[in-house]
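final_20.pdb follows (PDB, C-alpha atoms):
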```pdb
ATOM      1  CA  MET K  86      10.328 -18.951 -33.988
ATOM      2  CA  GLU K  87      12.479 -20.009 -36.923
ATOM      3  CA  VAL K  88      11.252 -21.204 -40.313
ATOM      4  CA  TYR K  89      13.239 -23.436 -42.671
ATOM      5  CA  ILE K  90      11.980 -23.959 -46.189
ATOM      6  CA  GLY K  91      13.310 -25.862 -49.180
ATOM      7  CA  GLY K  92      12.550 -28.617 -51.658
ATOM      8  CA  TYR K  93      12.226 -32.318 -50.927
ATOM      9  CA  ALA K  94      15.497 -34.171 -50.134
ATOM     10  CA  GLN K  95      17.572 -30.997 -49.688
ATOM     11  CA  GLY K  96      18.980 -31.797 -46.251
ATOM     12  CA  LYS K  97      16.751 -29.455 -44.243
ATOM     13  CA  LEU K  98      16.496 -31.554 -41.071
ATOM     14  CA  THR K  99      20.246 -32.265 -41.108
ATOM     15  CA  TYR K 100      20.874 -28.524 -41.386
ATOM     16  CA  VAL K 101      18.611 -27.653 -38.435
ATOM     17  CA  ARG K 102      19.953 -30.528 -36.302
ATOM     18  CA  LYS K 103      23.484 -29.237 -36.812
ATOM     19  CA  LYS K 104      22.333 -25.892 -35.461
ATOM     20  CA  TYR K 105      20.325 -27.330 -32.534
ATOM     21  CA  PRO K 106      21.711 -30.804 -31.768
ATOM     22  CA  GLU K 107      19.854 -31.051 -28.449
ATOM     23  CA  ALA K 108      16.404 -30.190 -29.746
ATOM     24  CA  GLN K 109      13.637 -32.788 -29.673
ATOM     25  CA  ILE K 110      12.224 -33.511 -33.143
ATOM     26  CA  TYR K 111       8.507 -33.815 -33.859
ATOM     27  CA  ASP K 112       6.734 -34.525 -37.142
ATOM     28  CA  GLU K 113       3.312 -35.441 -38.581
ATOM     29  CA  ASN K 114       3.193 -38.590 -36.444
ATOM     30  CA  ASN K 115       3.529 -37.002 -33.010
ATOM     31  CA  TRP K 116       3.201 -33.242 -33.377
ATOM     32  CA  GLN K 117      -0.003 -33.173 -31.276
ATOM     33  CA  GLN K 118       2.236 -33.698 -28.235
ATOM     34  CA  LEU K 119       3.661 -30.242 -28.870
ATOM     35  CA  ALA K 120       0.297 -28.736 -27.953
ATOM     36  CA  VAL K 121       0.230 -30.262 -24.457
ATOM     37  CA  CYS K 122       3.834 -29.636 -23.371
ATOM     38  CA  THR K 123       6.119 -26.689 -22.838
ATOM     39  CA  GLY K 124       9.876 -26.475 -23.158
ATOM     40  CA  GLN K 125      12.972 -24.934 -24.640
ATOM     41  CA  THR K 126      14.081 -25.625 -28.232
ATOM     42  CA  VAL K 127      12.036 -28.013 -30.375
ATOM     43  CA  ILE K 128      12.007 -28.909 -34.074
ATOM     44  CA  CYS K 129       8.715 -29.409 -35.880
ATOM     45  CA  ASN K 130       9.562 -31.265 -39.097
ATOM     46  CA  HIS K 131       7.369 -31.877 -42.179
ATOM     47  CA  LEU K 132       5.048 -28.947 -41.553
ATOM     48  CA  HIS K 133       3.553 -29.460 -45.029
ATOM     49  CA  ARG K 134       2.481 -32.976 -44.082
ATOM     50  CA  ILE K 135       0.958 -31.722 -40.845
ATOM     51  CA  ILE K 136      -1.036 -29.172 -42.835
ATOM     52  CA  ALA K 137      -2.041 -31.865 -45.374
ATOM     53  CA  ALA K 138      -3.340 -34.117 -42.598
ATOM     54  CA  GLU K 139      -5.166 -31.254 -40.872
ATOM     55  CA  LEU K 140      -6.870 -30.212 -44.112
ATOM     56  CA  ALA K 141      -7.857 -33.818 -44.769
ATOM     57  CA  GLU K 142      -9.571 -33.820 -41.354
ATOM     58  CA  GLY K 143     -11.589 -30.752 -42.337
ATOM     59  CA  LYS K 144      -9.646 -28.066 -40.457
ATOM     60  CA  THR K 145      -9.539 -24.575 -41.963
ATOM     61  CA  GLN K 146      -6.534 -22.349 -42.591
ATOM     62  CA  PRO K 147      -7.234 -20.033 -39.591
ATOM     63  CA  GLU K 148      -7.747 -23.051 -37.304
ATOM     64  CA  ILE K 149      -4.467 -24.646 -38.357
ATOM     65  CA  LEU K 150      -2.605 -21.355 -37.989
ATOM     66  CA  ALA K 151      -4.094 -20.798 -34.513
ATOM     67  CA  GLU K 152      -2.926 -24.254 -33.423
ATOM     68  CA  LEU K 153       0.596 -23.572 -34.679
ATOM     69  CA  LEU K 154       0.758 -20.162 -33.023
ATOM     70  CA  ASP K 155      -0.430 -21.692 -29.755
ATOM     71  CA  ILE K 156       2.402 -24.233 -30.009
ATOM     72  CA  ASP K 157       4.866 -21.424 -30.682
ATOM     73  CA  GLN K 158       3.863 -19.792 -27.357
ATOM     74  CA  ARG K 159       4.750 -22.951 -25.432
ATOM     75  CA  TYR K 160       8.414 -23.099 -26.375
ATOM     76  CA  GLU K 161      11.365 -20.814 -25.995
ATOM     77  CA  LYS K 162      12.272 -21.588 -29.602
ATOM     78  CA  ILE K 163      10.466 -23.623 -32.227
ATOM     79  CA  CYS K 164      11.932 -24.447 -35.633
ATOM     80  CA  PHE K 165       9.326 -25.217 -38.273
ATOM     81  CA  ILE K 166      10.694 -27.162 -41.244
ATOM     82  CA  CYS K 167       8.560 -27.219 -44.376
ATOM     83  CA  ASP K 168       8.929 -28.463 -47.947
ATOM     84  CA  GLU K 169       8.583 -25.924 -50.723
ATOM     85  CA  ILE K 170       5.594 -27.481 -52.527
ATOM     86  CA  GLY K 171       4.407 -24.549 -54.619
ATOM     87  CA  ASN K 172       6.888 -24.513 -57.489
ATOM     88  CA  GLY K 173       5.043 -26.866 -59.805
ATOM     89  CA  ILE K 174       1.963 -26.701 -61.998
ATOM     90  CA  VAL K 175      -1.111 -25.585 -60.036
ATOM     91  CA  PRO K 176      -3.203 -28.768 -59.824
ATOM     92  CA  ILE K 177      -6.737 -28.935 -61.210
ATOM     93  CA  GLU K 178      -8.033 -30.902 -58.245
ATOM     94  CA  LYS K 179      -9.272 -28.712 -55.387
ATOM     95  CA  THR K 180      -7.789 -30.784 -52.549
ATOM     96  CA  GLU K 181      -4.360 -30.552 -54.169
ATOM     97  CA  ARG K 182      -4.733 -26.843 -54.848
ATOM     98  CA  ASP K 183      -5.861 -26.094 -51.297
ATOM     99  CA  TYR K 184      -2.950 -28.089 -49.879
ATOM    100  CA  ARG K 185      -0.452 -25.861 -51.723
ATOM    101  CA  GLU K 186      -2.371 -22.629 -51.216
ATOM    102  CA  VAL K 187      -2.953 -23.103 -47.466
ATOM    103  CA  THR K 188       0.630 -24.299 -46.897
ATOM    104  CA  GLY K 189       1.911 -21.155 -48.641
ATOM    105  CA  ARG K 190      -0.390 -18.824 -46.677
ATOM    106  CA  ILE K 191       0.463 -20.406 -43.337
ATOM    107  CA  LEU K 192       4.172 -20.220 -44.114
ATOM    108  CA  THR K 193       3.774 -16.536 -44.935
ATOM    109  CA  GLU K 194       2.079 -15.928 -41.572
ATOM    110  CA  LEU K 195       4.716 -17.899 -39.670
ATOM    111  CA  ALA K 196       7.598 -16.233 -41.530
ATOM    112  CA  GLU K 197       6.198 -12.820 -40.698
ATOM    113  CA  ARG K 198       6.331 -13.660 -36.994
ATOM    114  CA  ALA K 199       9.611 -15.599 -37.140
ATOM    115  CA  GLU K 200      12.863 -13.916 -36.211
ATOM    116  CA  THR K 201      14.741 -16.073 -38.720
ATOM    117  CA  VAL K 202      13.746 -17.594 -42.064
ATOM    118  CA  VAL K 203      16.238 -19.786 -43.929
ATOM    119  CA  ARG K 204      15.906 -21.207 -47.417
ATOM    120  CA  ILE K 205      17.710 -24.514 -47.971
ATOM    121  CA  LEU K 206      19.066 -25.783 -51.298
ATOM    122  CA  CYS K 207      21.534 -28.649 -51.833
ATOM    123  CA  GLY K 208      22.129 -28.739 -48.074
ATOM    124  CA  LEU K 209      23.169 -25.068 -48.004
ATOM    125  CA  GLY K 210      21.273 -22.369 -46.143
ATOM    126  CA  GLN K 211      20.500 -18.834 -47.197
ATOM    127  CA  CYS K 212      19.064 -16.558 -44.552
ATOM    128  CA  ILE K 213      16.187 -14.670 -46.155
ATOM    129  CA  LYS K 214      14.988 -13.013 -42.933
ATOM    130  CA  GLY K 215      16.888 -12.068 -39.793
ATOM    131  CA  VAL K 216      20.594 -12.585 -39.227
TER     132      VAL K 216
ATOM    133  CA  MET D 209      23.114 -12.411 -46.690
ATOM    134  CA  SER D 210      24.541 -15.822 -47.506
ATOM    135  CA  ASP D 211      24.987 -18.323 -44.756
ATOM    136  CA  ILE D 212      28.211 -20.219 -45.416
ATOM    137  CA  ARG D 213      28.076 -22.250 -42.242
ATOM    138  CA  ASN D 214      28.997 -25.526 -43.906
ATOM    139  CA  ARG D 215      32.060 -24.192 -45.638
ATOM    140  CA  THR D 216      34.889 -26.710 -45.804
ATOM    141  CA  ASP D 217      38.582 -26.294 -46.485
ATOM    142  CA  PHE D 218      39.583 -26.694 -50.103
ATOM    143  CA  THR D 219      43.369 -26.334 -49.998
ATOM    144  CA  GLY D 220      45.125 -28.506 -52.534
ATOM    145  CA  LYS D 221      41.933 -29.349 -54.357
ATOM    146  CA  ARG D 222      40.994 -28.547 -57.901
ATOM    147  CA  HIS D 223      38.173 -26.159 -58.556
ATOM    148  CA  ILE D 224      34.593 -27.434 -58.520
ATOM    149  CA  VAL D 225      31.474 -25.402 -59.307
ATOM    150  CA  LEU D 226      27.881 -26.577 -58.857
ATOM    151  CA  ILE D 227      25.078 -24.860 -60.760
ATOM    152  CA  THR D 228      21.417 -25.554 -60.006
ATOM    153  CA  GLY D 229      18.105 -24.064 -61.106
ATOM    154  CA  GLY D 230      14.759 -24.936 -62.636
ATOM    155  CA  SER D 231      14.218 -26.015 -66.233
ATOM    156  CA  GLY D 232      14.575 -23.112 -68.635
ATOM    157  CA  SER D 233      16.232 -20.958 -65.966
ATOM    158  CA  GLY D 234      19.228 -20.179 -68.186
ATOM    159  CA  LYS D 235      21.636 -22.335 -66.203
ATOM    160  CA  SER D 236      23.187 -23.864 -69.365
ATOM    161  CA  ALA D 237      24.057 -20.481 -70.853
ATOM    162  CA  PHE D 238      25.400 -19.287 -67.494
ATOM    163  CA  ALA D 239      27.535 -22.431 -67.152
ATOM    164  CA  GLU D 240      28.947 -22.028 -70.648
ATOM    165  CA  ASN D 241      29.854 -18.402 -70.037
ATOM    166  CA  LEU D 242      31.576 -19.466 -66.835
ATOM    167  CA  VAL D 243      33.653 -21.953 -68.834
ATOM    168  CA  LEU D 244      34.617 -19.246 -71.313
ATOM    169  CA  GLU D 245      35.768 -16.991 -68.474
ATOM    170  CA  GLN D 246      38.390 -19.555 -67.435
ATOM    171  CA  GLU D 247      41.854 -19.295 -68.875
ATOM    172  CA  ALA D 248      41.936 -22.912 -69.941
ATOM    173  CA  GLU D 249      43.629 -24.615 -72.836
ATOM    174  CA  ASN D 250      40.916 -27.205 -73.337
ATOM    175  CA  ARG D 251      37.191 -26.965 -72.892
ATOM    176  CA  TYR D 252      35.029 -30.065 -72.761
ATOM    177  CA  TYR D 253      31.292 -30.438 -72.736
ATOM    178  CA  LEU D 254      30.367 -33.697 -71.035
ATOM    179  CA  ALA D 255      26.841 -34.440 -72.251
ATOM    180  CA  THR D 256      24.890 -37.013 -70.241
ATOM    181  CA  MET D 257      21.583 -36.887 -72.102
ATOM    182  CA  GLN D 258      20.317 -40.070 -73.703
ATOM    183  CA  ILE D 259      18.864 -38.909 -76.997
ATOM    184  CA  TYR D 260      15.317 -40.120 -77.678
ATOM    185  CA  GLY D 261      13.177 -38.989 -80.588
ATOM    186  CA  ALA D 262      12.647 -35.634 -82.244
ATOM    187  CA  GLU D 263      12.333 -33.561 -79.049
ATOM    188  CA  GLY D 264      15.626 -34.909 -77.743
ATOM    189  CA  ARG D 265      17.391 -34.157 -81.000
ATOM    190  CA  LYS D 266      15.891 -30.647 -80.997
ATOM    191  CA  ARG D 267      17.263 -29.991 -77.480
ATOM    192  CA  VAL D 268      20.688 -31.254 -78.501
ATOM    193  CA  MET D 269      20.666 -29.012 -81.593
ATOM    194  CA  ARG D 270      19.690 -25.988 -79.470
ATOM    195  CA  HIS D 271      22.491 -26.647 -76.988
ATOM    196  CA  ARG D 272      25.019 -27.343 -79.765
ATOM    197  CA  LYS D 273      24.103 -24.032 -81.390
ATOM    198  CA  LEU D 274      24.665 -22.259 -78.065
ATOM    199  CA  ARG D 275      28.161 -23.759 -77.896
ATOM    200  CA  GLN D 276      29.017 -23.149 -81.561
ATOM    201  CA  GLY D 277      32.309 -21.362 -82.044
ATOM    202  CA  LYS D 278      33.074 -21.392 -78.324
ATOM    203  CA  GLY D 279      35.802 -24.006 -78.697
ATOM    204  CA  PHE D 280      34.115 -26.839 -76.823
ATOM    205  CA  GLU D 281      34.758 -30.445 -77.556
ATOM    206  CA  THR D 282      31.665 -32.536 -76.888
ATOM    207  CA  LEU D 283      31.970 -35.867 -75.062
ATOM    208  CA  GLU D 284      28.814 -37.953 -74.829
ATOM    209  CA  TYR D 285      28.545 -40.260 -71.819
ATOM    210  CA  PRO D 286      24.972 -41.062 -70.746
ATOM    211  CA  THR D 287      26.453 -43.368 -68.030
ATOM    212  CA  ASP D 288      29.931 -44.193 -66.637
ATOM    213  CA  ILE D 289      31.184 -40.628 -66.949
ATOM    214  CA  ALA D 290      34.681 -41.311 -65.603
ATOM    215  CA  ALA D 291      35.362 -43.132 -68.874
ATOM    216  CA  CYS D 292      35.644 -39.711 -70.509
ATOM    217  CA  ILE D 293      38.905 -38.969 -68.683
ATOM    218  CA  GLY D 294      40.998 -40.791 -71.295
ATOM    219  CA  LYS D 295      39.652 -38.424 -73.950
ATOM    220  CA  ILE D 296      40.750 -35.280 -72.101
ATOM    221  CA  TYR D 297      43.994 -33.709 -73.256
ATOM    222  CA  GLN D 298      46.147 -32.293 -70.439
ATOM    223  CA  PRO D 299      43.334 -32.646 -67.905
ATOM    224  CA  ALA D 300      45.002 -30.501 -65.251
ATOM    225  CA  ASP D 301      44.554 -27.507 -67.577
ATOM    226  CA  ALA D 302      41.104 -28.501 -68.805
ATOM    227  CA  VAL D 303      37.647 -27.258 -67.966
ATOM    228  CA  VAL D 304      34.926 -29.906 -67.993
ATOM    229  CA  LEU D 305      31.293 -28.866 -68.022
ATOM    230  CA  LEU D 306      28.976 -31.752 -67.107
ATOM    231  CA  GLU D 307      25.368 -31.320 -68.121
ATOM    232  CA  CYS D 308      23.181 -32.496 -66.500
ATOM    233  CA  MET D 309      23.135 -34.496 -63.236
ATOM    234  CA  SER D 310      19.392 -35.173 -63.539
ATOM    235  CA  ASN D 311      19.971 -37.079 -66.804
ATOM    236  CA  LEU D 312      22.955 -38.955 -65.440
ATOM    237  CA  VAL D 313      21.085 -40.119 -62.323
ATOM    238  CA  ALA D 314      18.107 -41.233 -64.444
ATOM    239  CA  ASN D 315      20.367 -43.129 -66.881
ATOM    240  CA  GLU D 316      22.253 -44.859 -64.069
ATOM    241  CA  MET D 317      19.060 -45.757 -62.184
ATOM    242  CA  PHE D 318      16.628 -46.796 -64.925
ATOM    243  CA  THR D 319      18.603 -49.194 -67.118
ATOM    244  CA  GLU D 320      17.835 -51.857 -69.701
ATOM    245  CA  ASN D 321      18.350 -54.387 -66.916
ATOM    246  CA  GLY D 322      15.751 -52.760 -64.707
ATOM    247  CA  THR D 323      15.868 -50.241 -61.873
ATOM    248  CA  ILE D 324      19.127 -50.067 -59.933
ATOM    249  CA  GLN D 325      19.002 -49.622 -56.151
ATOM    250  CA  GLN D 326      19.205 -46.003 -54.991
ATOM    251  CA  GLU D 327      22.233 -46.546 -52.746
ATOM    252  CA  LEU D 328      24.210 -48.231 -55.545
ATOM    253  CA  VAL D 329      23.395 -45.428 -57.984
ATOM    254  CA  ILE D 330      24.589 -42.785 -55.507
ATOM    255  CA  GLN D 331      27.793 -44.715 -54.737
ATOM    256  CA  LYS D 332      28.636 -45.228 -58.399
ATOM    257  CA  ILE D 333      28.016 -41.621 -59.408
ATOM    258  CA  ARG D 334      30.058 -40.278 -56.477
ATOM    259  CA  GLN D 335      32.908 -42.599 -57.426
ATOM    260  CA  HIS D 336      32.894 -41.410 -61.027
ATOM    261  CA  LEU D 337      32.634 -37.762 -60.030
ATOM    262  CA  ARG D 338      35.531 -38.133 -57.595
ATOM    263  CA  LYS D 339      37.696 -39.458 -60.425
ATOM    264  CA  LEU D 340      36.673 -36.546 -62.625
ATOM    265  CA  PHE D 341      37.357 -34.008 -59.846
ATOM    266  CA  GLU D 342      40.805 -35.504 -59.187
ATOM    267  CA  THR D 343      41.680 -35.257 -62.866
ATOM    268  CA  ALA D 344      40.160 -32.119 -64.333
ATOM    269  CA  GLY D 345      41.569 -28.744 -63.319
ATOM    270  CA  TYR D 346      38.165 -27.137 -63.300
ATOM    271  CA  SER D 347      34.862 -29.006 -63.116
ATOM    272  CA  ILE D 348      31.494 -27.362 -63.589
ATOM    273  CA  ILE D 349      28.474 -29.501 -62.808
ATOM    274  CA  VAL D 350      24.962 -28.526 -63.849
ATOM    275  CA  THR D 351      22.100 -30.054 -61.878
ATOM    276  CA  ASN D 352      18.360 -29.498 -61.715
ATOM    277  CA  ASN D 353      15.969 -28.298 -59.047
ATOM    278  CA  VAL D 354      13.136 -30.845 -59.321
ATOM    279  CA  PHE D 355      12.256 -30.893 -55.624
ATOM    280  CA  GLU D 356       9.621 -28.217 -55.162
ATOM    281  CA  ASP D 357       6.334 -29.354 -56.727
ATOM    282  CA  GLY D 358       4.819 -31.000 -53.663
ATOM    283  CA  LYS D 359       4.465 -34.516 -55.059
ATOM    284  CA  CYS D 360       7.185 -36.143 -52.971
ATOM    285  CA  ASN D 361       5.415 -37.431 -49.889
ATOM    286  CA  PRO D 362       5.903 -41.136 -49.478
ATOM    287  CA  TYR D 363       2.729 -42.510 -47.924
ATOM    288  CA  ILE D 364       2.909 -42.747 -44.178
ATOM    289  CA  ASN D 365       0.982 -45.385 -42.284
ATOM    290  CA  GLY D 366      -1.490 -44.242 -39.733
ATOM    291  CA  LEU D 367      -1.845 -40.692 -40.947
ATOM    292  CA  ARG D 368      -5.534 -40.310 -41.682
ATOM    293  CA  GLY D 369      -6.501 -38.695 -44.974
ATOM    294  CA  TYR D 370      -2.944 -38.542 -46.099
ATOM    295  CA  ALA D 371      -3.357 -40.857 -49.081
ATOM    296  CA  ALA D 372      -5.764 -38.294 -50.517
ATOM    297  CA  TYR D 373      -2.871 -36.382 -52.061
ATOM    298  CA  GLU D 374      -1.184 -37.189 -55.342
ATOM    299  CA  ASN D 375       2.380 -38.414 -55.177
ATOM    300  CA  TYR D 376       4.984 -39.681 -57.575
ATOM    301  CA  ALA D 377       5.440 -43.429 -57.922
ATOM    302  CA  PRO D 378       7.909 -44.901 -55.382
ATOM    303  CA  GLU D 379      10.641 -45.382 -58.015
ATOM    304  CA  THR D 380      10.324 -41.733 -59.072
ATOM    305  CA  ILE D 381      10.628 -40.641 -55.437
ATOM    306  CA  ALA D 382      13.694 -42.887 -55.091
ATOM    307  CA  TYR D 383      15.167 -41.131 -58.134
ATOM    308  CA  ILE D 384      14.391 -37.650 -56.781
ATOM    309  CA  GLU D 385      15.955 -38.590 -53.426
ATOM    310  CA  ALA D 386      19.084 -39.910 -55.165
ATOM    311  CA  LEU D 387      19.448 -36.663 -57.110
ATOM    312  CA  GLY D 388      18.853 -34.690 -53.897
ATOM    313  CA  MET D 389      21.534 -36.599 -51.991
ATOM    314  CA  ILE D 390      24.019 -36.258 -54.860
ATOM    315  CA  ASN D 391      23.319 -32.515 -55.014
ATOM    316  CA  ILE D 392      23.982 -32.186 -51.271
ATOM    317  CA  TRP D 393      27.239 -34.110 -51.645
ATOM    318  CA  LEU D 394      28.227 -31.999 -54.664
ATOM    319  CA  ALA D 395      27.508 -28.776 -52.765
ATOM    320  CA  GLU D 396      29.820 -30.035 -49.987
ATOM    321  CA  GLN D 397      32.590 -30.776 -52.496
ATOM    322  CA  ALA D 398      32.123 -27.575 -54.482
ATOM    323  CA  ASP D 399      34.100 -24.383 -54.020
ATOM    324  CA  THR D 400      31.263 -22.384 -55.508
ATOM    325  CA  VAL D 401      27.521 -23.049 -55.729
ATOM    326  CA  TYR D 402      25.145 -20.983 -57.855
ATOM    327  CA  GLU D 403      21.401 -21.066 -58.269
ATOM    328  CA  VAL D 404      20.283 -19.603 -61.584
ATOM    329  CA  VAL D 405      16.893 -17.860 -61.595
ATOM    330  CA  ALA D 406      15.661 -16.155 -64.783
ATOM    331  CA  GLY D 407      19.225 -16.164 -66.083
ATOM    332  CA  GLN D 408      20.578 -14.471 -62.946
ATOM    333  CA  ALA D 409      23.054 -16.363 -60.787
ATOM    334  CA  VAL D 410      22.534 -16.279 -57.031
ATOM    335  CA  CYS D 411      25.650 -17.340 -55.146
ATOM    336  CA  TRP D 412      25.000 -19.859 -52.323
ATOM    337  CA  LYS D 413      28.570 -20.741 -51.509
ATOM    338  CA  ALA D 414      31.893 -19.144 -52.403
ATOM    339  CA  LYS D 415      35.428 -20.144 -51.543
ATOM    340  CA  ASP D 416      36.681 -16.616 -50.989
ATOM    341  CA  ARG D 417      33.798 -15.570 -48.765
ATOM    342  CA  GLU D 418      33.379 -16.068 -45.029
TER     343      GLU D 418
END
```
Let's see the structure in the file written out as structure tokens.
Amino acid sequence: MEVYIGGYAQGKLTYVRKKYPEAQIYDENNWQQLAVCTGQTVICNHLHRIIAAELAEGKTQPEILAELLDIDQRYEKICFICDEIGNGIVPIEKTERDYREVTGRILTELAERAETVVRILCGLGQCIKGV
Amino acid sequence: MSDIRNRTDFTGKRHIVLITGGSGSGKSAFAENLVLEQEAENRYYLATMQIYGAEGRKRVMRHRKLRQGKGFETLEYPTDIAACIGKIYQPADAVVLLECMSNLVANEMFTENGTIQQELVIQKIRQHLRKLFETAGYSIIVTNNVFEDGKCNPYINGLRGYAAYENYAPETIAYIEALGMINIWLAEQADTVYEVVAGQAVCWKAKDRE
């Protein structure tokens, strides 16, 4: 598993595609397909939006994490791409707060299991875990 | 530590530095010190901020005080920055510090004549920057990291519950995207890229590293 994190509009997908040009790309619109297939290298883009949608449907943090870990088992390599959404003011509204909190916690869990974690800024990558 | 995968060849080019960071991170002071470290004849501060009201004036005063006695000449161009080139004496030996891209993009996009299309804003700014880079011996560009607060999710049809989350207005998202794309382009052009955090510079790209 590899995790790529960075702000909005920082060229994250472009960066990962350069590394794995052959990989199929999934996002919030079709990521459910990942849970019924198996394969080699895949890219799961917009993880934060997937988490947002799952939370909006009433799923809990452990449930979402379990789903993602199950997906991880199905592929030789999966690259999760996620926006950094936690570097702003903590919102008053609970839904907004939970979205940021749960996204952060899930990322922490994924990063702990990932062999590589890369932070992306201005289209550049900095490896913050692994080689 | 650093991954310099996207490193390009810079031979024959003048030196370009990109500095990013959050607001209040100390990137201005770092950029100014970097200018002072250069053995240049002429130092220019290219200010892009449109000054509005007391808070704006206060910011300008603070920044001017920081630069006092450091031998900078201030050029104020809230838009059309390449126009400053005529004011630069012996540009090949000059250092130009542009502060800040976030102001410039806002000024070029949100004009008296309404909002300018994202693609046109990006094209124009790149064109002006190219001219500056071709002219000035050493260009230092300060930009802003405004991409990490989680309010940039354009609404997507068919995703249930998604509209429940707060997002910026579409024109603000268009602005943030324009700044993001210009930053990516700048990082490609730059010899050196720094992120300043709590006054400390983290190097993301360096010409002499591989």
Q.
Contacts from chain K to chain D, 6 Å maximum, all atoms listed in the file: show me the residue list as an NGL selection string.
A. :K and (92-95 or 138 or 141 or 169-173 or 207-208 or 210-211)
**Q.** Output of the PyMOL selection byres ((chain D and resi 326) around 12), listed as an NGL selection string
**A.** :D and (313-314 or 316-318 or 323-325 or 327-333 or 378-390)
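For the pair atom CA of Ser236 of chain D and atom CA of Cys308 of chain D, the separation is 9.1 Å.
With atom CA of Tyr346 of chain D on one side and atom CA of Ala300 of chain D on the other, the separation reads 7.9 Å.
Here, the PyMOL selection byres ((chain D and resi 233) around 9) matches Gly229, Gly230, Ser231, Gly232, Gly234, Lys235, Ser236, Val404, Val405, Ala406, Gly407 and Gln408 of chain D.
Distances from K:Arg198, K:Lys103, K:Lys97, K:Arg204 to Asp157 of chain K were compared using all atoms listed in the file, and the smallest one belongs to K:Arg198.
When the PyMOL selection byres ((chain K and resi 160) around 7) is run on the displayed coordinates, the residues it returns are Thr123, Gly124, Gln125, Thr126, Asp157, Gln158, Arg159, Glu161, Lys162 and Ile163 of chain K.
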Polymer residues at most 12 Å from Ile213 of chain K, all atoms listed in the file, same-chain spacing of 6 or more positions, as an mmCIF file with C-alpha atoms, in the frame of the given file:
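What landed in selection_32.cif:
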```cif
data_model
loop_
_atom_site.group_PDB
_atom_site.id
_atom_site.type_symbol
_atom_site.label_atom_id
_atom_site.label_comp_id
_atom_site.auth_asym_id
_atom_site.auth_seq_id
_atom_site.Cartn_x
_atom_site.Cartn_y
_atom_site.Cartn_z
ATOM 1 C CA GLU K 87 12.479 -20.009 -36.923
ATOM 2 C CA VAL K 88 11.252 -21.204 -40.313
ATOM 3 C CA TYR K 89 13.239 -23.436 -42.671
ATOM 4 C CA ILE K 90 11.980 -23.959 -46.189
ATOM 5 C CA GLY K 91 13.310 -25.862 -49.180
ATOM 6 C CA ALA K 196 7.598 -16.233 -41.530
ATOM 7 C CA GLU K 197 6.198 -12.820 -40.698
ATOM 8 C CA ALA K 199 9.611 -15.599 -37.140
ATOM 9 C CA GLU K 200 12.863 -13.916 -36.211
ATOM 10 C CA THR K 201 14.741 -16.073 -38.720
ATOM 11 C CA VAL K 202 13.746 -17.594 -42.064
ATOM 12 C CA VAL K 203 16.238 -19.786 -43.929
ATOM 13 C CA ARG K 204 15.906 -21.207 -47.417
ATOM 14 C CA ILE K 205 17.710 -24.514 -47.971
ATOM 15 C CA MET D 209 23.114 -12.411 -46.690
ATOM 16 C CA SER D 210 24.541 -15.822 -47.506
ATOM 17 C CA ASP D 211 24.987 -18.323 -44.756
ATOM 18 C CA TRP D 412 25.000 -19.859 -52.323
#
```
Q | Sel. within 12 Å of pt (37.6, -18.9, -70.1), counting all atoms listed in the file, output as JSON, numbers by chain | A | {"D": [239, 240, 241, 242, 243, 244, 245, 246, 247, 248, 249, 250, 251, 252, 278, 279, 280, 301, 302, 303, 304, 305, 346]}
Q) How many Å lie between atom CA of Ile289 of chain D and atom CA of Lys273 of chain D, rounded to one decimal? A) 23.1 Å
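Residue neighbourhood of segment 268-270 of chain D, excluding near-sequence residues (fewer than 6 positions): Ser236, Ala237, Ala255, Thr256, Met257, Gln258, Ile259, Tyr260, Gly261, Ala262, Gln276, Thr282, Glu284 and Glu307 of chain D, at 12 Å, using all atoms listed in the file.
Residues within 7 Å of His223 of chain D, counting all atoms listed in the file and excluding same-chain residues fewer than 2 positions away, are Lys221, Val225, Gly345, Tyr346, Ser347 and Asp399 of chain D.
Nearest residue to Ala409 of chain D among D:Tyr376, D:Phe238, D:Ile224, D:Gly277 is D:Phe238, counting all atoms listed in the file.
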